[in-house]
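Have a look at structure.json below; it lists JSON, C-alpha atoms.
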[["chain", "number", "residue", "atom", "x", "y", "z"],
["A", 242, "MET", "CA", -10.44, -5.39, -6.39],
["A", 243, "THR", "CA", -7.83, -3.56, -8.44],
["A", 244, "LEU", "CA", -4.41, -2.52, -7.07],
["A", 245, "LEU", "CA", -2.81, 0.48, -8.79],
["A", 246, "PRO", "CA", 0.22, 2.66, -8.09],
["A", 247, "PHE", "CA", -0.65, 6.07, -6.61],
["A", 248, "THR", "CA", 0.00, 8.43, -9.55],
["A", 249, "GLU", "CA", -1.51, 11.44, -11.34],
["A", 250, "GLU", "CA", -3.11, 9.06, -13.84],
["A", 251, "THR", "CA", -4.58, 6.62, -11.33],
["A", 252, "ILE", "CA", -6.18, 9.32, -9.17],
["A", 253, "VAL", "CA", -8.39, 10.16, -12.15],
["A", 254, "ARG", "CA", -9.63, 6.57, -12.22],
["A", 255, "ALA", "CA", -10.06, 6.59, -8.43],
["A", 256, "ALA", "CA", -12.05, 9.84, -8.60],
["A", 257, "GLU", "CA", -14.36, 8.33, -11.24],
["A", 258, "THR", "CA", -14.88, 5.29, -9.01],
["A", 259, "LEU", "CA", -15.66, 7.47, -5.98],
["A", 260, "ARG", "CA", -18.00, 9.78, -7.92],
["A", 261, "ARG", "CA", -19.98, 6.68, -8.99],
["A", 262, "GLY", "CA", -20.43, 5.56, -5.37],
["A", 263, "GLY", "CA", -17.44, 3.23, -5.16],
["A", 264, "VAL", "CA", -15.09, 2.54, -2.26],
["A", 265, "VAL", "CA", -11.34, 3.14, -2.61],
["A", 266, "ILE", "CA", -8.35, 2.47, -0.34],
["A", 267, "VAL", "CA", -6.04, 5.50, -0.32],
["A", 268, "PRO", "CA", -2.62, 6.15, 1.19],
["A", 269, "THR", "CA", -2.22, 9.03, 3.63],
["A", 270, "GLU", "CA", 0.78, 10.28, 5.56],
["A", 271, "THR", "CA", -0.68, 8.75, 8.75],
["A", 272, "VAL", "CA", -2.15, 5.32, 7.89],
["A", 273, "TYR", "CA", -4.05, 3.90, 4.91],
["A", 274, "GLY", "CA", -7.68, 4.94, 4.65],
["A", 275, "VAL", "CA", -10.79, 3.58, 3.02],
["A", 276, "ALA", "CA", -12.78, 6.38, 1.39],
["A", 277, "CYS", "CA", -16.09, 7.08, -0.27],
["A", 278, "HIS", "CA", -17.83, 10.13, -1.70],
["A", 279, "PRO", "CA", -20.00, 11.86, 0.94],
["A", 280, "ASP", "CA", -22.98, 11.95, -1.45],
["A", 281, "PHE", "CA", -23.32, 8.14, -1.29],
["A", 282, "PRO", "CA", -24.60, 6.96, 2.12],
["A", 283, "GLU", "CA", -24.79, 3.42, 0.76],
["A", 284, "ALA", "CA", -21.00, 3.48, 0.17],
["A", 285, "LEU", "CA", -20.48, 4.64, 3.75],
["A", 286, "GLU", "CA", -22.68, 1.79, 4.97],
["A", 287, "ARG", "CA", -20.65, -0.60, 2.85],
["A", 288, "ILE", "CA", -17.46, 0.58, 4.61],
["A", 289, "ARG", "CA", -19.13, 0.28, 8.01],
["A", 290, "LYS", "CA", -20.10, -3.33, 7.27],
["A", 291, "MET", "CA", -16.72, -4.37, 5.85],
["A", 292, "LYS", "CA", -14.96, -3.00, 8.93],
["A", 293, "GLY", "CA", -17.51, -4.29, 11.43],
["A", 294, "ARG", "CA", -17.78, -0.76, 12.78],
["A", 295, "GLU", "CA", -20.44, 0.32, 15.26],
["A", 296, "ARG", "CA", -23.04, 2.84, 14.11],
["A", 297, "ASP", "CA", -22.15, 5.39, 16.79],
["A", 298, "LYS", "CA", -18.54, 5.81, 15.57],
["A", 299, "PRO", "CA", -18.32, 8.67, 13.05],
["A", 300, "PHE", "CA", -16.18, 8.81, 9.91],
["A", 301, "GLN", "CA", -13.98, 11.84, 9.32],
["A", 302, "LEU", "CA", -14.06, 14.02, 6.24],
["A", 303, "LEU", "CA", -10.78, 14.41, 4.38],
["A", 304, "ALA", "CA", -10.67, 17.83, 2.75],
["A", 305, "ALA", "CA", -8.69, 19.16, -0.21],
["A", 306, "ASP", "CA", -7.99, 22.35, 1.74],
["A", 307, "ALA", "CA", -9.35, 24.54, 4.55],
["A", 308, "ALA", "CA", -11.64, 26.34, 2.08],
["A", 309, "ALA", "CA", -13.53, 23.05, 1.51],
["A", 310, "VAL", "CA", -13.99, 22.72, 5.28],
["A", 311, "TRP", "CA", -15.46, 26.22, 5.63],
["A", 312, "ALA", "CA", -17.61, 25.69, 2.50],
["A", 313, "ASP", "CA", -19.07, 22.56, 4.15],
["A", 314, "GLY", "CA", -20.43, 24.74, 6.95],
["A", 315, "ALA", "CA", -17.82, 24.20, 9.66],
["A", 316, "ALA", "CA", -17.87, 27.01, 12.23],
["A", 317, "ARG", "CA", -15.12, 29.42, 11.17],
["A", 318, "SER", "CA", -14.19, 30.99, 14.47],
["A", 319, "PRO", "CA", -10.81, 32.63, 15.15],
["A", 320, "ALA", "CA", -9.90, 29.57, 17.26],
["A", 321, "ALA", "CA", -10.84, 27.22, 14.39],
["A", 322, "GLU", "CA", -8.78, 29.25, 11.93],
["A", 323, "ARG", "CA", -5.77, 29.13, 14.28],
["A", 324, "ALA", "CA", -6.13, 25.37, 14.70],
["A", 325, "ALA", "CA", -6.49, 24.92, 10.92],
["A", 326, "GLU", "CA", -3.04, 26.48, 10.51],
["A", 327, "GLN", "CA", -1.78, 22.96, 11.37],
["A", 328, "TRP", "CA", -3.11, 21.83, 7.97],
["A", 329, "PRO", "CA", -2.13, 20.12, 5.85],
["A", 330, "GLY", "CA", -1.17, 17.59, 8.46],
["A", 331, "ALA", "CA", -2.07, 14.80, 10.83],
["A", 332, "LEU", "CA", -4.64, 16.76, 12.83],
["A", 333, "THR", "CA", -8.36, 16.01, 12.68],
["A", 334, "LEU", "CA", -10.42, 18.92, 13.98],
["A", 335, "VAL", "CA", -13.92, 18.18, 15.25],
["A", 336, "LEU", "CA", -15.86, 21.37, 14.61],
["A", 337, "PRO", "CA", -19.43, 22.53, 15.09],
["A", 338, "THR", "CA", -21.25, 22.89, 11.77],
["A", 339, "ALA", "CA", -24.10, 24.93, 10.38],
["A", 340, "LYS", "CA", -26.01, 21.63, 10.12],
["A", 341, "GLY", "CA", -26.32, 21.51, 13.92],
["A", 342, "HIS", "CA", -23.85, 18.71, 14.60],
["A", 343, "THR", "CA", -20.08, 18.29, 14.70],
["A", 344, "GLU", "CA", -17.81, 16.90, 11.98],
["A", 345, "GLY", "CA", -14.22, 15.71, 12.07],
["A", 346, "TYR", "CA", -12.17, 17.32, 9.28],
["A", 347, "ARG", "CA", -8.59, 16.73, 8.18],
["A", 348, "VAL", "CA", -6.52, 18.12, 5.31],
["A", 349, "PRO", "CA", -3.92, 15.42, 4.62],
["A", 350, "ASP", "CA", -0.27, 16.25, 4.03],
["A", 351, "LEU", "CA", -0.07, 14.33, 0.75],
["A", 352, "PRO", "CA", -0.46, 16.62, -2.30],
["A", 353, "LEU", "CA", -1.58, 13.83, -4.63],
["A", 354, "LEU", "CA", -4.29, 12.78, -2.18],
["A", 355, "ARG", "CA", -5.47, 16.39, -1.89],
["A", 356, "ARG", "CA", -5.73, 16.50, -5.70],
["A", 357, "LEU", "CA", -7.83, 13.30, -5.65],
["A", 358, "ILE", "CA", -10.11, 14.84, -3.01],
["A", 359, "ALA", "CA", -10.43, 18.01, -5.12],
["A", 360, "LEU", "CA", -11.43, 15.90, -8.15],
["A", 361, "CYS", "CA", -14.27, 14.56, -5.99],
["A", 362, "GLY", "CA", -15.59, 18.00, -5.02],
["A", 363, "GLY", "CA", -13.34, 18.80, -2.06],
["A", 364, "LEU", "CA", -14.39, 16.22, 0.57],
["A", 365, "LEU", "CA", -14.24, 12.45, 1.04],
["A", 366, "ARG", "CA", -15.55, 10.33, 3.91],
["A", 367, "CYS", "CA", -12.68, 8.25, 5.24],
["A", 368, "THR", "CA", -11.63, 5.93, 8.04],
["A", 369, "SER", "CA", -8.57, 3.80, 8.67],
["A", 370, "VAL", "CA", -8.17, 0.52, 6.81],
["A", 371, "ASN", "CA", -8.63, -2.21, 9.39],
["A", 372, "LEU", "CA", -11.26, -4.39, 10.93],
["A", 373, "SER", "CA", -12.67, -2.64, 14.00],
["A", 374, "GLY", "CA", -10.39, -3.17, 16.96],
["A", 375, "GLU", "CA", -7.40, -4.18, 14.81],
["A", 376, "PRO", "CA", -4.33, -2.02, 14.08],
["A", 377, "PRO", "CA", -4.61, 0.25, 11.01],
["A", 378, "ALA", "CA", -2.83, -0.63, 7.76],
["A", 379, "LYS", "CA", 0.45, 1.20, 7.22],
["A", 380, "ASP", "CA", 1.06, 0.04, 3.64],
["A", 381, "ALA", "CA", -0.90, -1.32, 0.68],
["A", 382, "ARG", "CA", -0.03, -4.96, 1.49],
["A", 383, "GLU", "CA", -1.61, -4.63, 4.96],
["A", 384, "ALA", "CA", -4.56, -2.72, 3.48],
["A", 385, "VAL", "CA", -5.27, -5.42, 0.91],
["A", 386, "ALA", "CA", -4.95, -8.12, 3.59],
["A", 387, "ALA", "CA", -7.51, -6.29, 5.77],
["A", 388, "LEU", "CA", -10.14, -5.16, 3.25],
["A", 389, "GLY", "CA", -8.82, -5.67, -0.27],
["A", 390, "ASP", "CA", -11.51, -7.97, -1.62],
["A", 391, "ALA", "CA", -14.30, -5.74, -0.31],
["A", 392, "VAL", "CA", -13.23, -2.50, -2.06],
["A", 393, "ASP", "CA", -13.33, -1.42, -5.70],
["A", 394, "LEU", "CA", -9.81, -0.04, -5.98],
["A", 395, "THR", "CA", -6.62, 0.20, -3.91],
["A", 396, "LEU", "CA", -4.02, 2.90, -4.53],
["A", 397, "ASP", "CA", -0.50, 1.86, -3.48],
["A", 398, "GLY", "CA", 1.50, 4.85, -2.25],
["A", 399, "GLY", "CA", 4.14, 2.82, -0.43],
["A", 400, "PRO", "CA", 4.53, 2.81, 3.34],
["A", 401, "SER", "CA", 2.74, 5.57, 5.28],
["A", 402, "ARG", "CA", 5.28, 8.22, 6.25],
["A", 403, "LEU", "CA", 4.11, 8.55, 9.86],
["A", 404, "GLY", "CA", 2.48, 5.16, 10.50],
["A", 405, "VAL", "CA", 0.39, 6.64, 13.34],
["A", 406, "ALA", "CA", -3.24, 7.80, 13.17],
["A", 407, "SER", "CA", -4.04, 11.50, 13.27],
["A", 408, "THR", "CA", -4.53, 13.41, 16.47],
["A", 409, "VAL", "CA", -8.22, 14.23, 16.99],
["A", 410, "ALA", "CA", -9.16, 17.44, 18.78],
["A", 411, "ALA", "CA", -12.65, 18.84, 19.33],
["A", 412, "LEU", "CA", -12.99, 22.59, 19.20],
["A", 413, "GLY", "CA", -16.02, 24.02, 20.98],
["A", 414, "ALA", "CA", -17.87, 27.15, 19.92],
["A", 415, "ASP", "CA", -16.04, 28.98, 22.74],
["A", 416, "GLY", "CA", -12.65, 27.88, 21.38],
["A", 417, "ALA", "CA", -12.03, 25.29, 24.12],
["A", 418, "VAL", "CA", -9.95, 22.33, 22.89],
["A", 419, "THR", "CA", -10.62, 18.75, 23.97],
["A", 420, "ILE", "CA", -8.11, 16.15, 22.82],
["A", 421, "LEU", "CA", -10.08, 13.05, 21.84],
["A", 422, "ARG", "CA", -7.11, 11.02, 20.57],
["A", 423, "GLN", "CA", -3.43, 11.78, 20.83],
["A", 424, "GLY", "CA", -1.84, 10.73, 17.57],
["A", 425, "ALA", "CA", 0.83, 11.87, 15.14],
["A", 426, "VAL", "CA", 0.60, 15.56, 16.17],
["A", 427, "HIS", "CA", 1.32, 16.29, 19.82],
["A", 428, "LEU", "CA", -1.20, 18.80, 21.18],
["A", 429, "THR", "CA", -1.68, 20.35, 24.57],
["A", 430, "LYS", "CA", -4.73, 22.22, 25.78],
["A", 431, "ASP", "CA", -3.01, 25.61, 25.85]]
In structure tokens, write the structure found in this file.
Amino acid sequence: MTLLPFTEETIVRAAETLRRGGVVIVPTETVYGVACHPDFPEALERIRKMKGRERDKPFQLLAADAAAVWADGAARSPAAERAAEQWPGALTLVLPTAKGHTEGYRVPDLPLLRRLIALCGGLLRCTSVNLSGEPPAKDAREAVAALGDAVDLTLDGGPSRLGVASTVAALGADGAVTILRQGAVHLTKD
């Protein structure tokens, strides 16, 4: 495992690692995440095993911007576009997709992370850095303690600004909002 500062130069190395099927710990404004490229299911399985995560728990997609979300086939309803106005930020939107299932998408409020995601094609699979059932890592030291030896690269961006996981809200085809997890963004159903 390699620990690097989170800079313009190191995101290029991280992007190369991810595009080759590697696993990278990244800082976000909420908590630290462990990410892989969505084209490598074996990398996702590697993350699942290192965390001890059950198969029925999905991994969100971090997006470089809302355009990457719509390009991935997320349903672009007026309600979804209104909800996406919260981006970039600590809101994960679970949206119906053209693929016939739902996906959780988030555009993080960390410009350097969005640039890394863009270097990888616009989307990364990601989940919090922790063993399942344990609190998420809020800085690189905690991230390395939790999963450091199991990943290819860790980017140290200092302490997470918010230190609380994102709020997760499901948006139905009819625009109805269901709050699945209250987190850093306070949402109500109106």
Fill in the blank from the handout: Across A:Asp313, A:Glu250, A:Glu295, A:Glu326, the smallest distance to A:Thr338, with all atoms listed in the file counted, is shown by A:Asp313
Practice task
May I have the protein, DNA and RNA residues with any atom at most 8 Å from the point (-13.6, 20.1, 17.0), counting all atoms listed in the file, written as a ChimeraX atom specification?
Solution key: /A:333-337,343-345,409-413,418-419
Practice task
May I have the residues at most 7 Å from (-2.3, 0.1, 1.1) in the file's coordinates, counting all atoms listed in the file, as a ChimeraX atom specification?
Solution key: /A:266-268,273,378-385,395-398
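Between atom CA of A:Val310 and atom CA of A:Glu322 the separation is 10.7 Å.
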Handout entry: Counting all atoms listed in the file, the residue of A:Ala256, A:Ala309, A:Val370, A:Arg356 that sits nearest A:Val392
Key =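 Among the listed residues, A:Val370 lies closest to A:Val392.
Taking all atoms listed in the file, the non-local environment of A:Gly374 within 9 Å (same-chain residues fewer than 3 positions away omitted) comprises A:Arg294, A:Asn371, A:Pro377.
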Handout entry: Using only C-alpha atoms: which of A:Ala391, A:Ala417, A:Ile252, A:Val272 has the shortest distance to A:Arg289
Key =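 So, comparing all the options, the nearest one is A:Ala391.
Checking A:Leu360, A:Thr271, A:Gly416, A:Val253 one by one against A:Pro400, counting all atoms listed in the file, you find the shortest gap at A:Thr271.
When all atoms listed in the file are used to compute distances to A:Leu364, the closest of the residues A:Gln301, A:Thr269, A:Gln423, A:Thr408 turns out to be A:Gln301.
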Handout entry: atom CA of A:Asp393 to atom CA of A:Thr243, distance in Å rounded to a single decimal
Key =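 Value for the atom CA of A:Asp393-atom CA of A:Thr243 distance: 6.5 Å.
The space separating atom CA of A:Thr248 from atom CA of A:Arg287 comes to 25.7 Å.
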Problem - A:Val348, A:Met291, A:Ala339, A:Val264 ranked by distance to A:Ala315, top pick (using all atoms listed in the file) - result: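 The shortest atom-to-atom distance to A:Ala315 comes from A:Ala339.
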Practice task
Write out as a PyMOL selection string the residues lying within 7 Å of A:Ala425, counting all atoms listed in the file and excluding same-chain residues fewer than 2 positions away.
Solution key: chain A and resi 331+405-408+427
